[in-house]
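Peer 1: What follows is a structure written as structure tokens; I'll ask about it next.
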Amino acid sequence: MRRSCFPRCGFARILGWLQIVLGILVIVASISSLFRFYSAGFFVQSEDICRHFYGVKDVYEESFDIQALNDRVGEVLKTMENLQEKIETTLQQMEKLQKTSVTRLEYKQYLEVEVLRPVYGAHIALRQILLPKIEGIGNGTMKEEPLINTFITEEIRKYITPKGSRIGKVNFYGTEKIYNTIGHACVLMKNELQEYMDYDIGSYCKDDWHLAQKLMVNGCDPLPRRRCLTRASKVYQTPYPINESLWKSPDDRNVRWGNYKCRNFGCLSNKNPRRGYTKCAGCFDMEKEKLKWVTNSSFPVDFLIRDVLAIKPGQIRIGLDYGVGIGTFAARMRELNVTIVSTALNLGAPFNEIIALRGLIPLYATLNQRLPFFDNTMDLIHTTGFLDGWIDLLLMDFILFDWDRVLRPGGLLWIDRFFCNRKDLDDYMYMFLQFRYRKHKWVLAPKSKDEVYLSAVLEKPPRAI
């Protein structure tokens with residue numbers, strides 16, 4: 001009888017001690033928090049503090065996210081509450097059992113998985129809670145770095161924490177700290193971002209580019225940097241030389257196909273209804289791509305590259321292709337010694353990879369972000385297949401003003417096959433004409449009964465100040 005009782009009694013004794021330890025941990029955490037608040041002067045009858053909370057409440061709310069702190073504390077308390085309920089339930093089950101055959105290995109697994117891991121997580125979460133610092137004796141203003149207490153994953157918190165100069169001086173940017181940036185919508189996609197940033201430092205990243213792109217297109221852009229090693233195809237081959245790569249389909253082995261419906265470039269043919277993408281239909285057919293912008297078309301909205309470059313002979317050197325495609329516009333311009341950067345998103349197909357494998361420059365960018373170019377630097381901006389009548393007018397206004405910012409005086413804006421509903425045409429025409437660019441080409445053509453095409457080449461005027 002003593003032998004059969006020993007494991008049960010010993011396990012119950014261990015669980016009882018764990019409850020006591022957890023209770024002590026909660027008391028210590030509470031006392032520590034109270035001590036911090038006392039040190040900050042919260043319990044002292046101070047006119048400055050009263051004025052701070054009741055007179056300038058908005059300042060407090062802007063500088064310190066009290067809701068995020070409350071959520072973090074709530075998560076820790078919930079973890080401890082669940083752990084206590086689990087231990088109590090286990091004790092009750094053991095009391096009902098006459099005999100138990102729990103081995104030492106099962107003891108160890110239970111303690112590690114069900115007890116120690118939640119306790120450790122709660123402990124780390126408590127240590128990572130950053131209370132606001134009091135800066136300045138007279139005004140008692142609360143200072144706290146933004147977003148710190150919003151996230152639990154340690155790697156995100158380390159990333160967004162401002163980094164000061166190691167020598168204690170202003171850096172060569174002229175700032176005291178470097179703030180790593182993330183998109184404001186990252187807060188709305190907290191769980192997805194924490195999953196993205198959950199990795200072992202220095203090890204291989206997960207093959208989760210699709211999660212990264214989901215975050216980007218939903219406004220969590222820019223994404224935080226990561227300290228893990230990116231994956232590549234296990235059978236990666238040397239790309240074709242530049243005299244071949246422009247018009248030759250790349251090697252299938254140079255793409256990670258795990259998150260696509262297709263597993264090779266042949267599958268991406270327009271004839272395959274299950275190719276996994278809808279935009280840029282047929283653009284993976286190199287023979288058809290060779291005809292674009294160089295072959296005369298009966299459709300009046302199709303302009304030829306040589307005709308557009310003839311508007312500014314010898315003056316178009318660098319530009320941006322803002323659209324969906326595999327870099328064919330940039331390839332044709334490269335043959336004419338013009339360098340084009342092509343924006344691309346992997347919307348169901350490896351658009352970025354094929355542009356790079358052709359020896360061209362892909363820019364992995366969404367509509368959400370400001371163009372990473374300085375003012376008045378681009379000779380040409382070309383857009384096709386992406387900025388169409390689905391886009392919100394206010395969003396389009398911001399985008400067009402950003403294009404105007406980077407386009408140099410005398411630069412060309414080439415609107416290629418923009419289409420919209422007929423009833424919306426006046427609104428979109430105003431969007432393009434509001435900048436008072438000079439019209440070199442301006443053509444309208446019907447797309448369907450209810451839709452219309454617009455193609456234009458516009459020149460940015462000089463704006464002397």
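Letters A, B, ... mark the chains of the structure tokens in the order given; residue numbers begin at 1 per chain; ligand numbers begin at 1, in order shown.
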Counting only C-alpha atoms, what is within 6 Å of Asn376 in chain A, bar same-chain residues fewer than 2 positions away, as a PyMOL selection string?
Peer 2: chain A and resi 406-408
Peer 1: Could you dump the residues just selected with C-alpha atoms as a compact mmCIF listing (two decimals), in the first residue's frame?
Peer 2:
# COMPACT_ATOMS: atom_id res chain seq x y z
CA VAL A 406 10.52 61.27 -58.56
CA LEU A 407 10.05 62.25 -62.22
CA ARG A 408 12.52 64.93 -63.28
Peer 1: Find the residues around range 332-349 of chain A up to 9 Å (only C-alpha atoms counted), leave out those fewer than 4 positions away in its own chain, and share them as a compact mmCIF listing (two decimals) with N, CA, C and O atoms, in the first residue's frame.
Peer 2:
# COMPACT_ATOMS: atom_id res chain seq x y z
N HIS A 210 5.39 33.87 -48.73
CA HIS A 210 3.98 34.17 -48.98
C HIS A 210 3.34 34.86 -47.77
O HIS A 210 2.47 35.72 -47.93
N GLN A 213 4.56 38.46 -47.95
CA GLN A 213 3.83 39.22 -48.96
C GLN A 213 2.41 39.53 -48.50
O GLN A 213 1.88 40.62 -48.76
N LEU A 246 17.89 37.41 -71.66
CA LEU A 246 16.80 38.35 -71.90
C LEU A 246 15.59 37.69 -72.55
O LEU A 246 14.44 38.00 -72.21
N TRP A 257 9.35 26.55 -55.77
CA TRP A 257 7.98 26.43 -56.26
C TRP A 257 7.00 26.00 -55.18
O TRP A 257 5.83 25.77 -55.46
N ASN A 259 5.20 27.32 -52.86
CA ASN A 259 3.97 28.06 -52.54
C ASN A 259 3.21 28.51 -53.79
O ASN A 259 2.43 29.45 -53.74
N TYR A 260 3.46 27.84 -54.92
CA TYR A 260 2.73 28.12 -56.15
C TYR A 260 1.95 26.88 -56.57
O TYR A 260 2.28 25.75 -56.18
N LYS A 261 0.93 27.09 -57.39
CA LYS A 261 0.19 25.96 -57.94
C LYS A 261 1.01 25.24 -59.00
O LYS A 261 0.89 24.03 -59.18
N CYS A 262 1.83 25.98 -59.73
CA CYS A 262 2.70 25.38 -60.75
C CYS A 262 4.05 25.01 -60.13
O CYS A 262 4.43 25.52 -59.09
N LEU A 268 3.04 27.64 -66.32
CA LEU A 268 2.50 28.99 -66.23
C LEU A 268 1.93 29.50 -67.54
O LEU A 268 1.53 30.65 -67.65
N ARG A 275 -3.12 27.79 -63.65
CA ARG A 275 -1.76 28.31 -63.52
C ARG A 275 -1.55 29.08 -62.22
O ARG A 275 -0.43 29.30 -61.80
N GLY A 276 -2.64 29.55 -61.58
CA GLY A 276 -2.53 30.17 -60.26
C GLY A 276 -2.47 31.68 -60.25
O GLY A 276 -2.34 32.28 -59.19
N TYR A 277 -2.57 32.35 -61.40
CA TYR A 277 -2.57 33.81 -61.44
C TYR A 277 -3.50 34.27 -62.55
O TYR A 277 -3.80 33.53 -63.48
N THR A 278 -3.98 35.52 -62.45
CA THR A 278 -4.92 36.05 -63.43
C THR A 278 -4.35 37.26 -64.16
O THR A 278 -4.61 37.45 -65.35
N LYS A 279 -3.59 38.10 -63.46
CA LYS A 279 -2.98 39.27 -64.09
C LYS A 279 -1.88 38.83 -65.04
O LYS A 279 -1.21 37.81 -64.83
N LYS A 290 8.14 38.86 -77.07
CA LYS A 290 9.08 39.50 -78.00
C LYS A 290 8.40 40.52 -78.91
O LYS A 290 9.06 41.41 -79.45
N LYS A 292 5.93 42.66 -78.04
CA LYS A 292 5.39 43.84 -77.34
C LYS A 292 6.28 45.06 -77.54
O LYS A 292 7.50 44.98 -77.44
N TRP A 293 5.64 46.21 -77.82
CA TRP A 293 6.26 47.54 -77.91
C TRP A 293 7.23 47.71 -79.07
O TRP A 293 7.88 48.74 -79.18
N VAL A 294 7.37 46.68 -79.92
CA VAL A 294 8.27 46.82 -81.07
C VAL A 294 7.58 46.48 -82.38
O VAL A 294 8.12 46.75 -83.46
N ILE A 305 8.01 51.67 -78.53
CA ILE A 305 9.09 52.26 -77.74
C ILE A 305 9.88 53.28 -78.55
O ILE A 305 10.21 54.36 -78.06
N ILE A 316 16.37 59.90 -72.49
CA ILE A 316 15.78 58.90 -71.61
C ILE A 316 16.87 57.87 -71.28
O ILE A 316 17.28 57.09 -72.14
N ARG A 317 17.34 57.87 -70.04
CA ARG A 317 18.44 57.00 -69.63
C ARG A 317 18.04 56.01 -68.56
O ARG A 317 18.45 54.85 -68.56
N ILE A 318 17.22 56.45 -67.59
CA ILE A 318 16.79 55.60 -66.49
C ILE A 318 15.29 55.79 -66.26
O ILE A 318 14.74 56.87 -66.55
N GLY A 319 14.64 54.74 -65.77
CA GLY A 319 13.20 54.87 -65.55
C GLY A 319 12.65 53.76 -64.69
O GLY A 319 13.37 52.86 -64.23
N LEU A 320 11.33 53.83 -64.49
CA LEU A 320 10.61 52.88 -63.65
C LEU A 320 9.45 52.30 -64.44
O LEU A 320 8.68 53.05 -65.08
N ASP A 321 9.33 50.98 -64.42
CA ASP A 321 8.16 50.30 -65.02
C ASP A 321 7.28 49.83 -63.87
O ASP A 321 7.62 48.90 -63.14
N TYR A 322 6.13 50.49 -63.72
CA TYR A 322 5.23 50.23 -62.60
C TYR A 322 4.05 49.42 -63.10
O TYR A 322 3.11 49.96 -63.69
N GLY A 323 4.13 48.10 -62.91
CA GLY A 323 3.05 47.27 -63.41
C GLY A 323 3.22 45.82 -63.02
O GLY A 323 3.91 45.50 -62.06
N VAL A 324 2.56 44.94 -63.76
CA VAL A 324 2.65 43.50 -63.54
C VAL A 324 3.21 42.88 -64.81
O VAL A 324 2.68 43.09 -65.89
N GLY A 325 4.29 42.13 -64.67
CA GLY A 325 4.88 41.50 -65.85
C GLY A 325 6.17 40.79 -65.49
O GLY A 325 6.54 40.66 -64.32
N ILE A 326 6.87 40.34 -66.53
CA ILE A 326 8.10 39.58 -66.32
C ILE A 326 9.32 40.38 -66.79
O ILE A 326 10.37 39.81 -67.05
N GLY A 327 9.18 41.70 -66.91
CA GLY A 327 10.32 42.55 -67.23
C GLY A 327 10.57 42.76 -68.71
O GLY A 327 11.64 43.24 -69.08
N THR A 328 9.60 42.45 -69.57
CA THR A 328 9.81 42.58 -71.01
C THR A 328 10.03 44.03 -71.43
O THR A 328 10.88 44.32 -72.29
N GLU A 353 11.43 36.53 -59.45
CA GLU A 353 12.52 35.64 -59.83
C GLU A 353 12.81 35.69 -61.31
O GLU A 353 13.97 35.76 -61.74
N ILE A 355 12.22 38.06 -63.50
CA ILE A 355 12.83 39.34 -63.88
C ILE A 355 14.32 39.33 -63.57
O ILE A 355 15.15 39.72 -64.40
N LEU A 360 17.59 41.48 -65.22
CA LEU A 360 16.98 42.79 -65.03
C LEU A 360 16.79 43.06 -63.55
O LEU A 360 17.08 42.21 -62.69
N ILE A 361 16.27 44.24 -63.22
CA ILE A 361 16.19 44.67 -61.81
C ILE A 361 14.75 44.65 -61.34
O ILE A 361 13.95 45.50 -61.76
N PRO A 362 14.38 43.72 -60.43
CA PRO A 362 13.03 43.74 -59.85
C PRO A 362 12.99 44.59 -58.58
O PRO A 362 13.95 44.58 -57.79
N LEU A 363 11.92 45.32 -58.40
CA LEU A 363 11.70 46.09 -57.18
C LEU A 363 10.48 45.51 -56.49
O LEU A 363 9.36 45.66 -56.97
N TYR A 364 10.70 44.82 -55.37
CA TYR A 364 9.62 44.14 -54.65
C TYR A 364 8.86 45.19 -53.84
O TYR A 364 9.24 45.53 -52.72
N ALA A 365 7.81 45.72 -54.42
CA ALA A 365 7.12 46.86 -53.82
C ALA A 365 5.62 46.73 -54.00
O ALA A 365 5.14 46.15 -54.98
N THR A 366 4.87 47.30 -53.06
CA THR A 366 3.42 47.32 -53.11
C THR A 366 2.93 48.74 -53.36
O THR A 366 3.71 49.70 -53.35
N LEU A 380 11.85 58.53 -66.94
CA LEU A 380 10.63 57.92 -67.49
C LEU A 380 9.93 57.09 -66.43
O LEU A 380 10.59 56.39 -65.65
